[in-house]
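**Q** Okay, here's the structure, questions in a sec.
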Amino acid sequence: VKFKTSLEDEDQSKFQNEATVMSDNVEDVKAASTVSVQRGVPLKKTVKGYNGSTQTITWEVQYNYNEKTISRADAVL
């Protein structure tokens with residue numbers, strides 16, 4: 001048996017799953033498991049390079065690596 005669900009709580013990092021198999025004339029069988037979700041950070045900026053002659057820094061920006069839903073109006077850097 002496989003079970004799939006979407007994660008709707010964007011802040012929760014652990015999810016508890018429980019299942020019970022029931023049948024006539026047989027004792028119930030229960031199982032439980034905890035699943036951890038790891039998310040990245042909302043905003044990260046790192047230096048990718050530096051040009052000493054022009055004193056120019058090249059940056060890399062990682063945005064929404066925590067995979068939250070962001071409305072179009074709020075998706076501004």
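Residues in the structure tokens are named by chain (A, B, ... in the order shown) and by number from 1 within that chain; ligands are numbered from 1 in the order shown.
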What parts of chain A does DSSP call strand (DSSP E or B)? I'd like the answer as an mmCIF file with N, CA and C atoms, in the first residue's frame.

**A**
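states-v6.cif, freshly written:
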```cif
data_model
loop_
_atom_site.group_PDB
_atom_site.id
_atom_site.type_symbol
_atom_site.label_atom_id
_atom_site.label_comp_id
_atom_site.auth_asym_id
_atom_site.auth_seq_id
_atom_site.Cartn_x
_atom_site.Cartn_y
_atom_site.Cartn_z
ATOM 1 N N LYS A 14 7.947 18.610 10.721
ATOM 2 C CA LYS A 14 7.778 17.175 10.986
ATOM 3 C C LYS A 14 6.310 16.813 10.855
ATOM 4 N N PHE A 15 6.065 15.663 10.256
ATOM 5 C CA PHE A 15 4.706 15.182 10.052
ATOM 6 C C PHE A 15 4.602 13.760 10.576
ATOM 7 N N GLN A 16 3.575 13.511 11.382
ATOM 8 C CA GLN A 16 3.333 12.196 11.968
ATOM 9 C C GLN A 16 2.312 11.470 11.100
ATOM 10 N N ASN A 17 2.649 10.256 10.678
ATOM 11 C CA ASN A 17 1.742 9.426 9.893
ATOM 12 C C ASN A 17 1.386 8.187 10.693
ATOM 13 N N GLU A 18 0.112 7.838 10.683
ATOM 14 C CA GLU A 18 -0.345 6.639 11.381
ATOM 15 C C GLU A 18 -1.279 5.861 10.469
ATOM 16 N N ALA A 19 -1.231 4.533 10.560
ATOM 17 C CA ALA A 19 -2.118 3.679 9.764
ATOM 18 C C ALA A 19 -2.526 2.474 10.601
ATOM 19 N N THR A 20 -3.742 2.000 10.349
ATOM 20 C CA THR A 20 -4.247 0.797 11.018
ATOM 21 C C THR A 20 -4.868 -0.112 9.976
ATOM 22 N N VAL A 21 -4.447 -1.368 9.970
ATOM 23 C CA VAL A 21 -5.046 -2.365 9.096
ATOM 24 C C VAL A 21 -6.023 -3.169 9.938
ATOM 25 N N MET A 22 -7.273 -3.213 9.477
ATOM 26 C CA MET A 22 -8.319 -3.928 10.218
ATOM 27 C C MET A 22 -8.917 -5.009 9.324
ATOM 28 N N SER A 23 -9.213 -6.156 9.938
ATOM 29 C CA SER A 23 -9.814 -7.265 9.209
ATOM 30 C C SER A 23 -10.655 -8.088 10.173
ATOM 31 N N VAL A 26 -9.192 -10.866 13.000
ATOM 32 C CA VAL A 26 -7.747 -10.643 13.136
ATOM 33 C C VAL A 26 -7.556 -9.363 13.945
ATOM 34 N N GLU A 27 -6.591 -9.398 14.834
ATOM 35 C CA GLU A 27 -6.301 -8.209 15.638
ATOM 36 C C GLU A 27 -5.785 -7.076 14.748
ATOM 37 N N ASP A 28 -6.191 -5.846 15.052
ATOM 38 C CA ASP A 28 -5.736 -4.685 14.281
ATOM 39 C C ASP A 28 -4.210 -4.579 14.326
ATOM 40 N N VAL A 29 -3.637 -4.154 13.213
ATOM 41 C CA VAL A 29 -2.192 -3.937 13.120
ATOM 42 C C VAL A 29 -1.981 -2.449 12.882
ATOM 43 N N LYS A 30 -1.189 -1.833 13.757
ATOM 44 C CA LYS A 30 -0.947 -0.393 13.667
ATOM 45 C C LYS A 30 0.519 -0.111 13.351
ATOM 46 N N ALA A 31 0.732 0.982 12.635
ATOM 47 C CA ALA A 31 2.092 1.431 12.327
ATOM 48 C C ALA A 31 2.102 2.952 12.347
ATOM 49 N N ALA A 32 3.236 3.518 12.703
ATOM 50 C CA ALA A 32 3.387 4.976 12.740
ATOM 51 C C ALA A 32 4.794 5.352 12.316
ATOM 52 N N SER A 33 4.909 6.527 11.755
ATOM 53 C CA SER A 33 6.209 7.018 11.331
ATOM 54 C C SER A 33 6.177 8.538 11.314
ATOM 55 N N THR A 34 7.320 9.145 11.555
ATOM 56 C CA THR A 34 7.452 10.593 11.470
ATOM 57 C C THR A 34 8.348 10.919 10.285
ATOM 58 N N VAL A 35 7.906 11.870 9.484
ATOM 59 C CA VAL A 35 8.660 12.292 8.311
ATOM 60 C C VAL A 35 9.127 13.723 8.538
ATOM 61 N N SER A 36 10.407 13.975 8.322
ATOM 62 C CA SER A 36 10.955 15.325 8.462
ATOM 63 C C SER A 36 11.108 15.967 7.092
ATOM 64 N N LEU A 43 16.001 33.825 1.815
ATOM 65 C CA LEU A 43 16.868 34.691 1.010
ATOM 66 C C LEU A 43 18.319 34.474 1.411
ATOM 67 N N LYS A 44 19.164 34.271 0.406
ATOM 68 C CA LYS A 44 20.598 34.076 0.664
ATOM 69 C C LYS A 44 21.374 34.807 -0.426
ATOM 70 N N LYS A 45 22.383 35.539 -0.016
ATOM 71 C CA LYS A 45 23.216 36.290 -0.957
ATOM 72 C C LYS A 45 24.674 35.897 -0.725
ATOM 73 N N THR A 46 25.365 35.506 -1.795
ATOM 74 C CA THR A 46 26.770 35.115 -1.679
ATOM 75 C C THR A 46 27.587 35.787 -2.783
ATOM 76 N N VAL A 47 28.843 36.025 -2.491
ATOM 77 C CA VAL A 47 29.760 36.599 -3.473
ATOM 78 C C VAL A 47 30.216 35.491 -4.420
ATOM 79 N N LYS A 48 30.061 35.720 -5.725
ATOM 80 C CA LYS A 48 30.510 34.747 -6.724
ATOM 81 C C LYS A 48 31.828 35.166 -7.367
ATOM 82 N N GLY A 49 32.164 36.436 -7.262
ATOM 83 C CA GLY A 49 33.424 36.877 -7.849
ATOM 84 C C GLY A 49 33.710 38.335 -7.524
ATOM 85 N N TYR A 50 34.980 38.680 -7.673
ATOM 86 C CA TYR A 50 35.394 40.064 -7.429
ATOM 87 C C TYR A 50 36.441 40.446 -8.469
ATOM 88 N N ASN A 51 36.244 41.611 -9.082
ATOM 89 C CA ASN A 51 37.194 42.136 -10.045
ATOM 90 C C ASN A 51 37.908 43.300 -9.380
ATOM 91 N N THR A 56 34.512 45.564 -8.714
ATOM 92 C CA THR A 56 33.142 45.125 -8.928
ATOM 93 C C THR A 56 32.940 43.737 -8.302
ATOM 94 N N ILE A 57 31.864 43.590 -7.564
ATOM 95 C CA ILE A 57 31.519 42.307 -6.959
ATOM 96 C C ILE A 57 30.355 41.704 -7.739
ATOM 97 N N THR A 58 30.467 40.420 -8.063
ATOM 98 C CA THR A 58 29.368 39.682 -8.681
ATOM 99 C C THR A 58 28.683 38.878 -7.588
ATOM 100 N N TRP A 59 27.350 39.050 -7.482
ATOM 101 C CA TRP A 59 26.580 38.405 -6.421
ATOM 102 C C TRP A 59 25.691 37.311 -6.993
ATOM 103 N N GLU A 60 25.403 36.316 -6.159
ATOM 104 C CA GLU A 60 24.377 35.323 -6.463
ATOM 105 C C GLU A 60 23.302 35.448 -5.389
ATOM 106 N N VAL A 61 22.043 35.567 -5.824
ATOM 107 C CA VAL A 61 20.924 35.688 -4.898
ATOM 108 C C VAL A 61 20.032 34.459 -5.054
ATOM 109 N N GLN A 62 19.804 33.780 -3.951
ATOM 110 C CA GLN A 62 18.883 32.644 -3.928
ATOM 111 C C GLN A 62 17.636 33.102 -3.177
ATOM 112 N N TYR A 63 16.498 33.024 -3.859
ATOM 113 C CA TYR A 63 15.246 33.554 -3.329
ATOM 114 C C TYR A 63 14.202 32.447 -3.251
#
```

**Q** Rounded to one decimal place, report the atom CA of Leu77 of chain A-atom CA of Gln55 of chain A distance in Å.

**A**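 Separation between atom CA of Leu77 of chain A and atom CA of Gln55 of chain A: 23.6 Å.
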
**Q** Need the shell around Lys68 of chain A: protein/DNA/RNA residues with any atom at most 10 Å away, counting only C-alpha atoms. Skip same-chain ones fewer than 5 positions apart. Format as an MDAnalysis selection string?

**A** chainID A and resid 8:11 39 42

**Q** Grab the atom CA of Asp24 of chain A to atom CA of Thr5 of chain A distance for me, in Å with one decimal place.

**A**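 Interatomic distance, atom CA of Asp24 of chain A to atom CA of Thr5 of chain A: 28.1 Å.
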